[in-house]
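Engineer: Structure: input.cif, mmCIF, C-alpha atoms and all ligand atoms.
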data_start
#
loop_
_atom_site.group_PDB
_atom_site.id
_atom_site.type_symbol
_atom_site.label_atom_id
_atom_site.label_comp_id
_atom_site.auth_asym_id
_atom_site.auth_seq_id
_atom_site.Cartn_x
_atom_site.Cartn_y
_atom_site.Cartn_z
ATOM 1 C CA MET P 1 8.871 -0.240 -11.864
ATOM 2 C CA ILE P 2 8.326 3.002 -9.974
ATOM 3 C CA LEU P 3 10.330 6.034 -10.980
ATOM 4 C CA LEU P 4 10.224 9.475 -9.402
ATOM 5 C CA ASP P 5 12.495 12.093 -10.904
ATOM 6 C CA ARG P 6 12.989 15.301 -8.954
ATOM 7 C CA VAL P 7 9.398 15.329 -7.729
ATOM 8 C CA SER P 8 8.233 18.275 -5.647
ATOM 9 C CA LYS P 9 4.855 18.898 -4.080
ATOM 10 C CA ALA P 10 3.593 22.108 -2.519
ATOM 11 C CA TYR P 11 -0.047 22.038 -1.379
ATOM 12 C CA SER P 12 -0.354 25.806 -1.609
ATOM 13 C CA LYS P 13 1.726 28.730 -2.844
ATOM 14 C CA LYS P 14 2.264 30.247 0.568
ATOM 15 C CA GLY P 15 2.766 26.944 2.437
ATOM 16 C CA GLY P 16 6.044 25.064 2.475
ATOM 17 C CA THR P 17 6.863 22.170 0.208
ATOM 18 C CA ALA P 18 5.663 18.780 1.418
ATOM 19 C CA LEU P 19 8.181 17.057 -0.893
ATOM 20 C CA GLU P 20 11.269 18.608 -2.427
ATOM 21 C CA ARG P 21 13.003 17.110 -5.461
ATOM 22 C CA ILE P 22 12.500 13.502 -4.506
ATOM 23 C CA SER P 23 14.155 10.993 -6.839
ATOM 24 C CA LEU P 24 13.458 7.329 -6.260
ATOM 25 C CA HIS P 25 13.725 4.166 -8.316
ATOM 26 C CA ILE P 26 11.946 1.015 -7.172
ATOM 27 C CA GLU P 27 12.335 -2.211 -9.134
ATOM 28 C CA PRO P 28 9.503 -4.685 -9.646
ATOM 29 C CA LYS P 29 9.142 -7.142 -6.715
ATOM 30 C CA GLU P 30 11.094 -4.972 -4.291
ATOM 31 C CA PHE P 31 10.006 -4.568 -0.663
ATOM 32 C CA VAL P 32 10.638 -0.989 0.410
ATOM 33 C CA ILE P 33 9.987 0.559 3.815
ATOM 34 C CA ILE P 34 9.450 4.303 3.977
ATOM 35 C CA VAL P 35 10.120 5.900 7.337
ATOM 36 C CA GLY P 36 10.136 9.436 8.664
ATOM 37 C CA ALA P 37 8.660 11.607 11.386
ATOM 38 C CA SER P 38 5.057 12.726 11.265
ATOM 39 C CA GLY P 39 4.725 15.457 8.647
ATOM 40 C CA ALA P 40 7.881 14.375 6.785
ATOM 41 C CA GLY P 41 5.960 13.728 3.564
ATOM 42 C CA LYS P 42 5.370 9.956 3.504
ATOM 43 C CA SER P 43 1.612 10.124 2.833
ATOM 44 C CA THR P 44 2.153 12.783 0.206
ATOM 45 C CA LEU P 45 4.556 10.463 -1.588
ATOM 46 C CA LEU P 46 2.017 7.617 -1.527
ATOM 47 C CA LYS P 47 -0.793 9.930 -2.676
ATOM 48 C CA LEU P 48 1.301 10.987 -5.657
ATOM 49 C CA LEU P 49 1.682 7.325 -6.622
ATOM 50 C CA THR P 50 -2.057 6.620 -6.370
ATOM 51 C CA ARG P 51 -2.793 9.885 -8.173
ATOM 52 C CA GLU P 52 -4.825 11.296 -5.300
ATOM 53 C CA GLU P 53 -2.456 14.251 -5.579
ATOM 54 C CA LYS P 54 -0.509 15.679 -8.493
ATOM 55 C CA PRO P 55 3.092 16.845 -8.201
ATOM 56 C CA THR P 56 3.948 20.527 -8.505
ATOM 57 C CA SER P 57 6.946 19.524 -10.621
ATOM 58 C CA GLY P 58 8.931 16.450 -11.567
ATOM 59 C CA LYS P 59 8.219 13.200 -13.331
ATOM 60 C CA ILE P 60 6.425 10.087 -12.100
ATOM 61 C CA ILE P 61 6.338 6.843 -14.080
ATOM 62 C CA VAL P 62 4.706 3.705 -12.672
ATOM 63 C CA GLY P 63 4.610 0.457 -14.644
ATOM 64 C CA GLY P 64 5.356 2.324 -17.857
ATOM 65 C CA ILE P 65 2.609 4.889 -17.275
ATOM 66 C CA ASP P 66 3.874 8.459 -17.402
ATOM 67 C CA TYR P 67 1.614 10.391 -15.021
ATOM 68 C CA GLU P 68 2.011 13.575 -17.050
ATOM 69 C CA ARG P 69 0.177 11.895 -19.918
ATOM 70 C CA LEU P 70 -2.424 10.208 -17.746
ATOM 71 C CA HIS P 71 -6.011 11.309 -18.405
ATOM 72 C CA ASP P 72 -8.507 11.372 -15.560
ATOM 73 C CA ARG P 73 -10.468 8.611 -17.301
ATOM 74 C CA ASP P 74 -7.386 6.344 -17.047
ATOM 75 C CA VAL P 75 -6.999 6.763 -13.288
ATOM 76 C CA PRO P 76 -9.310 3.823 -12.354
ATOM 77 C CA ARG P 77 -7.185 1.547 -14.559
ATOM 78 C CA LEU P 78 -4.056 2.800 -12.827
ATOM 79 C CA ARG P 79 -5.592 2.196 -9.401
ATOM 80 C CA ARG P 80 -6.281 -1.424 -10.273
ATOM 81 C CA ARG P 81 -2.547 -1.884 -10.547
ATOM 82 C CA ILE P 82 -1.989 -0.427 -7.092
ATOM 83 C CA GLY P 83 -3.589 -1.994 -4.021
ATOM 84 C CA VAL P 84 -3.760 0.168 -0.903
ATOM 85 C CA VAL P 85 -4.081 -0.766 2.762
ATOM 86 C CA PHE P 86 -4.588 1.833 5.488
ATOM 87 C CA GLN P 87 -4.054 1.959 9.218
ATOM 88 C CA ASP P 88 -7.800 2.032 9.914
ATOM 89 C CA PHE P 89 -8.777 -0.936 7.672
ATOM 90 C CA LYS P 90 -11.821 0.760 6.063
ATOM 91 C CA LEU P 91 -13.891 -2.437 5.891
ATOM 92 C CA LEU P 92 -17.628 -2.388 5.212
ATOM 93 C CA PRO P 93 -19.117 -3.199 8.641
ATOM 94 C CA ASN P 94 -22.334 -4.761 7.357
ATOM 95 C CA LYS P 95 -20.678 -7.199 4.997
ATOM 96 C CA THR P 96 -19.004 -10.491 5.844
ATOM 97 C CA VAL P 97 -15.298 -11.090 5.294
ATOM 98 C CA TYR P 98 -16.095 -12.854 2.019
ATOM 99 C CA GLU P 99 -18.394 -10.049 0.879
ATOM 100 C CA ASN P 100 -15.851 -7.350 1.726
ATOM 101 C CA VAL P 101 -13.283 -8.981 -0.522
ATOM 102 C CA ALA P 102 -15.790 -9.957 -3.227
ATOM 103 C CA PHE P 103 -17.028 -6.366 -3.417
ATOM 104 C CA ALA P 104 -13.697 -5.189 -4.869
ATOM 105 C CA LEU P 105 -14.305 -7.540 -7.799
ATOM 106 C CA GLU P 106 -18.060 -6.900 -8.144
ATOM 107 C CA ILE P 107 -17.534 -3.193 -8.740
ATOM 108 C CA ILE P 108 -15.306 -3.900 -11.728
ATOM 109 C CA GLY P 109 -17.787 -6.380 -13.191
ATOM 110 C CA VAL P 110 -16.081 -9.712 -12.468
ATOM 111 C CA SER P 111 -18.454 -12.696 -12.865
ATOM 112 C CA THR P 112 -19.879 -14.418 -9.795
ATOM 113 C CA LYS P 113 -18.204 -17.645 -10.882
ATOM 114 C CA GLU P 114 -14.793 -16.033 -10.984
ATOM 115 C CA ILE P 115 -15.431 -14.291 -7.671
ATOM 116 C CA ARG P 116 -16.285 -17.662 -6.079
ATOM 117 C CA ASN P 117 -13.009 -18.990 -7.388
ATOM 118 C CA THR P 118 -10.814 -16.074 -6.460
ATOM 119 C CA VAL P 119 -11.980 -14.901 -3.028
ATOM 120 C CA PRO P 120 -11.312 -18.162 -1.115
ATOM 121 C CA ARG P 121 -7.854 -18.379 -2.698
ATOM 122 C CA VAL P 122 -6.981 -14.867 -1.535
ATOM 123 C CA LEU P 123 -8.416 -15.440 1.948
ATOM 124 C CA ASP P 124 -6.207 -18.511 2.145
ATOM 125 C CA ILE P 125 -3.118 -16.405 1.357
ATOM 126 C CA VAL P 126 -3.875 -14.050 4.265
ATOM 127 C CA GLY P 127 -4.698 -16.968 6.583
ATOM 128 C CA LEU P 128 -8.440 -16.310 6.934
ATOM 129 C CA LYS P 129 -10.021 -19.173 5.026
ATOM 130 C CA ASP P 130 -12.099 -20.183 8.041
ATOM 131 C CA LYS P 131 -13.394 -16.635 8.666
ATOM 132 C CA GLU P 132 -15.294 -16.178 5.398
ATOM 133 C CA LYS P 133 -18.649 -15.768 7.099
ATOM 134 C CA SER P 134 -17.484 -13.602 9.992
ATOM 135 C CA MET P 135 -18.424 -9.948 10.304
ATOM 136 C CA PRO P 136 -15.577 -7.427 10.706
ATOM 137 C CA LEU P 137 -16.615 -6.672 14.305
ATOM 138 C CA GLU P 138 -16.144 -10.333 15.222
ATOM 139 C CA LEU P 139 -12.466 -10.201 14.225
ATOM 140 C CA SER P 140 -9.299 -9.043 15.973
ATOM 141 C CA GLY P 141 -7.521 -5.955 14.660
ATOM 142 C CA GLY P 142 -4.881 -8.089 12.976
ATOM 143 C CA GLU P 143 -7.533 -10.224 11.273
ATOM 144 C CA ARG P 144 -9.355 -7.103 10.070
ATOM 145 C CA GLN P 145 -6.149 -5.770 8.596
ATOM 146 C CA ARG P 146 -5.602 -9.090 6.817
ATOM 147 C CA VAL P 147 -9.112 -8.808 5.314
ATOM 148 C CA ALA P 148 -8.148 -5.338 4.101
ATOM 149 C CA ILE P 149 -4.991 -6.812 2.565
ATOM 150 C CA ALA P 150 -7.035 -9.576 0.881
ATOM 151 C CA ARG P 151 -9.317 -6.925 -0.577
ATOM 152 C CA ALA P 152 -6.309 -4.910 -1.775
ATOM 153 C CA ILE P 153 -4.676 -7.876 -3.563
ATOM 154 C CA VAL P 154 -7.751 -9.616 -4.972
ATOM 155 C CA ARG P 155 -7.417 -7.733 -8.262
ATOM 156 C CA GLN P 156 -3.791 -8.841 -8.463
ATOM 157 C CA PRO P 157 -2.147 -5.422 -8.364
ATOM 158 C CA LYS P 158 1.504 -5.113 -9.340
ATOM 159 C CA ILE P 159 2.104 -2.840 -6.348
ATOM 160 C CA LEU P 160 0.765 -2.976 -2.806
ATOM 161 C CA ILE P 161 0.962 0.174 -0.718
ATOM 162 C CA ALA P 162 0.579 -0.390 3.019
ATOM 163 C CA ASP P 163 0.351 2.934 4.844
ATOM 164 C CA GLU P 164 0.970 2.313 8.563
ATOM 165 C CA PRO P 165 -0.879 -1.036 8.414
ATOM 166 C CA THR P 166 0.268 -2.017 11.903
ATOM 167 C CA GLY P 167 -0.377 1.364 13.530
ATOM 168 C CA ASN P 168 -3.405 0.108 15.478
ATOM 169 C CA LEU P 169 -2.130 -3.365 16.305
ATOM 170 C CA ASP P 170 -0.315 -5.013 19.189
ATOM 171 C CA PRO P 171 3.099 -6.583 18.378
ATOM 172 C CA LYS P 172 1.830 -10.124 17.796
ATOM 173 C CA HIS P 173 -0.892 -9.042 15.360
ATOM 174 C CA ALA P 174 1.455 -6.534 13.761
ATOM 175 C CA TRP P 175 3.852 -9.360 12.892
ATOM 176 C CA ASP P 176 1.025 -11.498 11.459
ATOM 177 C CA VAL P 177 0.278 -8.606 9.099
ATOM 178 C CA ILE P 178 3.945 -8.077 8.186
ATOM 179 C CA LYS P 179 4.359 -11.791 7.450
ATOM 180 C CA VAL P 180 1.418 -11.608 5.053
ATOM 181 C CA LEU P 181 3.050 -8.637 3.310
ATOM 182 C CA GLU P 182 6.273 -10.620 2.957
ATOM 183 C CA LYS P 183 4.385 -13.573 1.518
ATOM 184 C CA ILE P 184 2.628 -11.360 -1.032
ATOM 185 C CA ASN P 185 6.013 -9.885 -1.923
ATOM 186 C CA ARG P 186 7.432 -13.403 -2.415
ATOM 187 C CA TYR P 187 4.576 -14.086 -4.840
ATOM 188 C CA GLY P 188 5.875 -11.183 -6.938
ATOM 189 C CA THR P 189 4.109 -8.002 -5.827
ATOM 190 C CA THR P 190 6.110 -4.852 -5.147
ATOM 191 C CA VAL P 191 5.416 -3.761 -1.559
ATOM 192 C CA LEU P 192 5.739 -0.226 -0.201
ATOM 193 C CA LEU P 193 5.323 -0.059 3.552
ATOM 194 C CA THR P 194 5.299 2.961 5.814
ATOM 195 C CA THR P 195 5.695 2.391 9.512
ATOM 196 C CA HIS P 196 6.835 4.022 12.734
ATOM 197 C CA ASN P 197 7.604 0.663 14.282
ATOM 198 C CA GLN P 198 11.381 0.487 14.764
ATOM 199 C CA ASP P 199 11.292 -3.147 15.800
ATOM 200 C CA ILE P 200 9.601 -4.143 12.545
ATOM 201 C CA VAL P 201 11.967 -2.068 10.389
ATOM 202 C CA ASN P 202 15.084 -3.362 12.112
ATOM 203 C CA LYS P 203 14.033 -7.021 12.019
ATOM 204 C CA LEU P 204 12.872 -6.988 8.393
ATOM 205 C CA LYS P 205 16.314 -6.008 7.058
ATOM 206 C CA ARG P 206 14.841 -4.552 3.893
ATOM 207 C CA ARG P 207 15.499 -1.444 1.845
ATOM 208 C CA VAL P 208 14.676 1.584 3.982
ATOM 209 C CA VAL P 209 14.058 5.047 2.548
ATOM 210 C CA THR P 210 14.110 7.755 5.218
ATOM 211 C CA ILE P 211 12.278 11.004 4.488
ATOM 212 C CA THR P 212 13.063 14.104 6.522
ATOM 213 C CA ASP P 213 11.354 17.449 5.858
ATOM 214 C CA GLY P 214 10.246 16.382 2.402
ATOM 215 C CA LYS P 215 13.656 15.153 1.273
ATOM 216 C CA ILE P 216 15.244 11.728 1.059
ATOM 217 C CA GLN P 217 17.714 11.634 3.898
ATOM 218 C CA SER P 218 18.938 8.103 3.291
ATOM 219 C CA ASP P 219 18.195 5.075 1.150
ATOM 220 C CA GLU P 220 19.793 1.880 2.393
ATOM 221 C CA ALA P 221 19.578 -1.663 1.045
ATOM 222 C CA ARG P 222 19.336 -3.297 4.481
ATOM 223 C CA GLY P 223 18.355 -0.284 6.438
ATOM 224 C CA SER P 224 17.461 0.396 10.021
ATOM 225 C CA TYR P 225 15.336 2.958 11.805
ATOM 226 C CA ASN P 226 16.489 4.534 15.023
ATOM 227 C CA LEU P 227 14.828 7.591 16.441
HETATM 228 P P1 LIG Y 301 3.561 12.187 6.785
HETATM 229 O O1 LIG Y 301 2.720 11.229 6.026
HETATM 230 O O2 LIG Y 301 5.027 11.851 6.724
HETATM 231 O O3 LIG Y 301 3.094 12.404 8.182
HETATM 232 P P2 LIG Y 301 2.382 14.204 5.040
HETATM 233 O O4 LIG Y 301 2.731 13.799 3.656
HETATM 234 O O5 LIG Y 301 1.010 13.900 5.529
HETATM 235 O O6 LIG Y 301 3.480 13.619 6.060
HETATM 236 O O7 LIG Y 301 2.614 15.776 5.198
HETATM 237 C C1 LIG Y 301 3.739 16.469 4.689
HETATM 238 C C2 LIG Y 301 3.506 17.981 4.834
HETATM 239 O O8 LIG Y 301 2.467 18.383 3.954
HETATM 240 C C3 LIG Y 301 3.075 18.400 6.216
HETATM 241 O O9 LIG Y 301 3.655 19.654 6.484
HETATM 242 C C4 LIG Y 301 1.572 18.531 6.107
HETATM 243 O O10 LIG Y 301 1.062 19.483 6.988
HETATM 244 C C5 LIG Y 301 1.393 18.978 4.670
HETATM 245 N N1 LIG Y 301 0.118 18.512 4.090
HETATM 246 C C6 LIG Y 301 -0.263 17.223 3.943
HETATM 247 N N2 LIG Y 301 -1.471 17.139 3.349
HETATM 248 C C7 LIG Y 301 -1.865 18.405 3.094
HETATM 249 C C8 LIG Y 301 -3.018 19.000 2.485
HETATM 250 N N3 LIG Y 301 -4.014 18.247 1.986
HETATM 251 N N4 LIG Y 301 -3.068 20.345 2.403
HETATM 252 C C9 LIG Y 301 -2.055 21.116 2.874
HETATM 253 N N5 LIG Y 301 -0.945 20.633 3.453
HETATM 254 C C10 LIG Y 301 -0.837 19.296 3.567
#
Please rewrite the model in this file as structure tokens.
Ligand code: ADP
Structural biologist:
Amino acid sequence: MILLDRVSKAYSKKGGTALERISLHIEPKEFVIIVGASGAGKSTLLKLLTREEKPTSGKIIVGGIDYERLHDRDVPRLRRRIGVVFQDFKLLPNKTVYENVAFALEIIGVSTKEIRNTVPRVLDIVGLKDKEKSMPLELSGGERQRVAIARAIVRQPKILIADEPTGNLDPKHAWDVIKVLEKINRYGTTVLLTTHNQDIVNKLKRRVVTITDGKIQSDEARGSYNL
């Protein structure tokens, strides 16, 4: 469960507010699309959830964790519950597909045996079982993004944040990525997606939260996005 109660964020005293009294309730296993013009506050909202930024005021509770009471030493534990995928993939160029995904487990001390078990299973979910040994540069943009998704879900997060994951992709590859997000959501992960792609938003027929100038303009169960 994600709960934001009257959350505001101002980056500086003299600047404007990036978010103004945002209240939002997201149930476990929901698929929510966040839309809004550039500068509306979407990234700020996601950064508050991953604790890259702290709110100026308001309450944030994610999976029973009240962010006000969260110590810095607990942030890594929080981040394991939240997988993040970005527009620009952020893969390690000198590692294979398998190694890129395995690395997310190595750094938290998972045994080699468990890694050998888990990584192929996750690559299967994203449809890349036969690309284990490929290098990122040998893959299409859509395949690279699916590696990034595999890496984000390999620790079995409760929430997956996908920030403009299709921004660099052509329509066919964009849909491959969206289908993977839907599959992960079916398996029980809450998905938060930001996108500027109207076609994707309107075909998905999911909950759409529209942010305008740091405020929630609308929140619709089967929303659409029309500029
Ligand atoms: P979006 O993701 O919807 O494009 P952002 O959350 O990035 O919007 O930005 C919301 C507002 O906050 C914008 O006015 C932007 O200039 C400002 N902003 C974002 N990040 C910072 C920062 N690190 N320092 C100061 N202002 C920022």
Engineer: Could you put an axis-aligned box around every listed atom of ligand LIG 301 (chain Y), padded by 4 Å on each side, and send me its centre and edge lengths in Å to one decimal, as JSON?
Structural biologist:
{"center_x": 0.5, "center_y": 16.2, "center_z": 5.1, "size_x": 17.0, "size_y": 17.9, "size_z": 14.2}
Engineer: Around ligand LIG 301 (chain Y), at most 7 Å away and counting only C-alpha atoms and all ligand atoms, which residues are there? Put them as JSON, numbers by chain, please.
Structural biologist: {"P": [11, 12, 17, 18, 36, 37, 38, 39, 40, 41, 42, 43, 44, 45, 214]}
Engineer: Name the residues that the PyMOL selection byres (((chain P and resi 123-126) around 12) and not hetatm) pulls out of this structure, and write them as a PyMOL selection string.
Structural biologist: chain P and resi 97-102+115-122+127-133+142-154+176-187
Engineer: Assuming the chain letters and numbering stay as they are in my file, what does the PyMOL selection byres (((chain P and resi 72-79) around 9) and not hetatm) actually select? List them as a PyMOL selection string.
Structural biologist: chain P and resi 50-51+62+65+70-71+80-84+157
Engineer: Using all atoms listed in the file, find the one residue out of P:Arg155, P:Ser218, P:Pro55, P:Leu137 that sits nearest to Gly109 in chain P.
Structural biologist: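 For Gly109 in chain P, the nearest of the candidates is P:Arg155.
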Engineer: So that I can see what lies close to Ile34 in chain P, please list as a list of chain:residue names the residues with an atom at most 10 Å from it, counting all atoms listed in the file and leaving out residues fewer than 6 positions away in the same chain.
Structural biologist: P:Lys42, P:Ser43, P:Leu45, P:Leu46, P:Asp163, P:Glu164, P:Leu192, P:Leu193, P:Thr194, P:Thr195, P:His196, P:Val201, P:Arg207, P:Val208, P:Val209, P:Thr210, P:Ile211, P:Ile216, P:Asp219, P:Tyr225
Engineer: Measuring between only C-alpha atoms, which one of P:Asp66, P:Ser140, P:Glu220, P:Lys95 shows the shortest distance to Asn168 in chain P?
Structural biologist: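 Checking each of P:Asp66, P:Ser140, P:Glu220, P:Lys95 against Asn168 in chain P, counting only C-alpha atoms, the winner is P:Ser140.
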Engineer: Need to verify the contact set: Asn197 in chain P, 10 Å, only C-alpha atoms, exclusion of same-chain residues closer than 4 positions in sequence. Can you return it as a list in words?
Structural biologist: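 Using only C-alpha atoms, the neighbours found are Val35, Glu164, Thr166, Gly167, Pro171, Ala174, Val201, Asn202, Tyr225 and Asn226 of chain P.
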Engineer: Work out how far apart CA of Thr189 in chain P and CA of Phe31 in chain P are and give it in Å to one decimal.
Structural biologist: 8.6 Å
Engineer: Counting all atoms listed in the file, figure out which residue out of P:Arg206, P:Arg6, P:His25, P:Lys13 gets nearest to Gly58 in chain P.
Structural biologist: P:Arg6
Engineer: By how many Å are CA of Gly63 in chain P and CA of Glu106 in chain P apart?
Structural biologist: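 Result for CA of Gly63 in chain P versus CA of Glu106 in chain P: 24.7 Å, one decimal.
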Engineer: Closest to Trp175 in chain P among P:Ile200, P:Leu49, P:Leu160, P:Val191, using only C-alpha atoms?
Structural biologist: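 Selected residue with least distance to Trp175 in chain P: P:Ile200.
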Engineer: Nearest to Val7 in chain P among P:Lys59, P:Lys47, P:Lys215, P:Lys205, with distances taken over all atoms listed in the file: which residue is it?
Structural biologist: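 For Val7 in chain P, the nearest of the candidates is P:Lys59.
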Engineer: To one decimal in Å, tell me the separation between CA of Arg222 in chain P and CA of Ile33 in chain P.
Structural biologist: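 Here the two named atoms are 10.1 Å from each other.
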Engineer: Can you pull out the residues contacting Leu4 in chain P? Cut-off 7 Å, using all atoms listed in the file, and skip same-chain residues under 5 positions away; I want them as a PyMOL selection string.
Structural biologist: chain P and resi 22-25+59-61
Engineer: Counting all atoms listed in the file, which of P:Gly223, P:Gly15, P:Asn94, P:Asp213 gets nearest to Ser134 in chain P?
Structural biologist: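 Going through P:Gly223, P:Gly15, P:Asn94, P:Asp213 one by one, the smallest distance to Ser134 in chain P is for P:Asn94.
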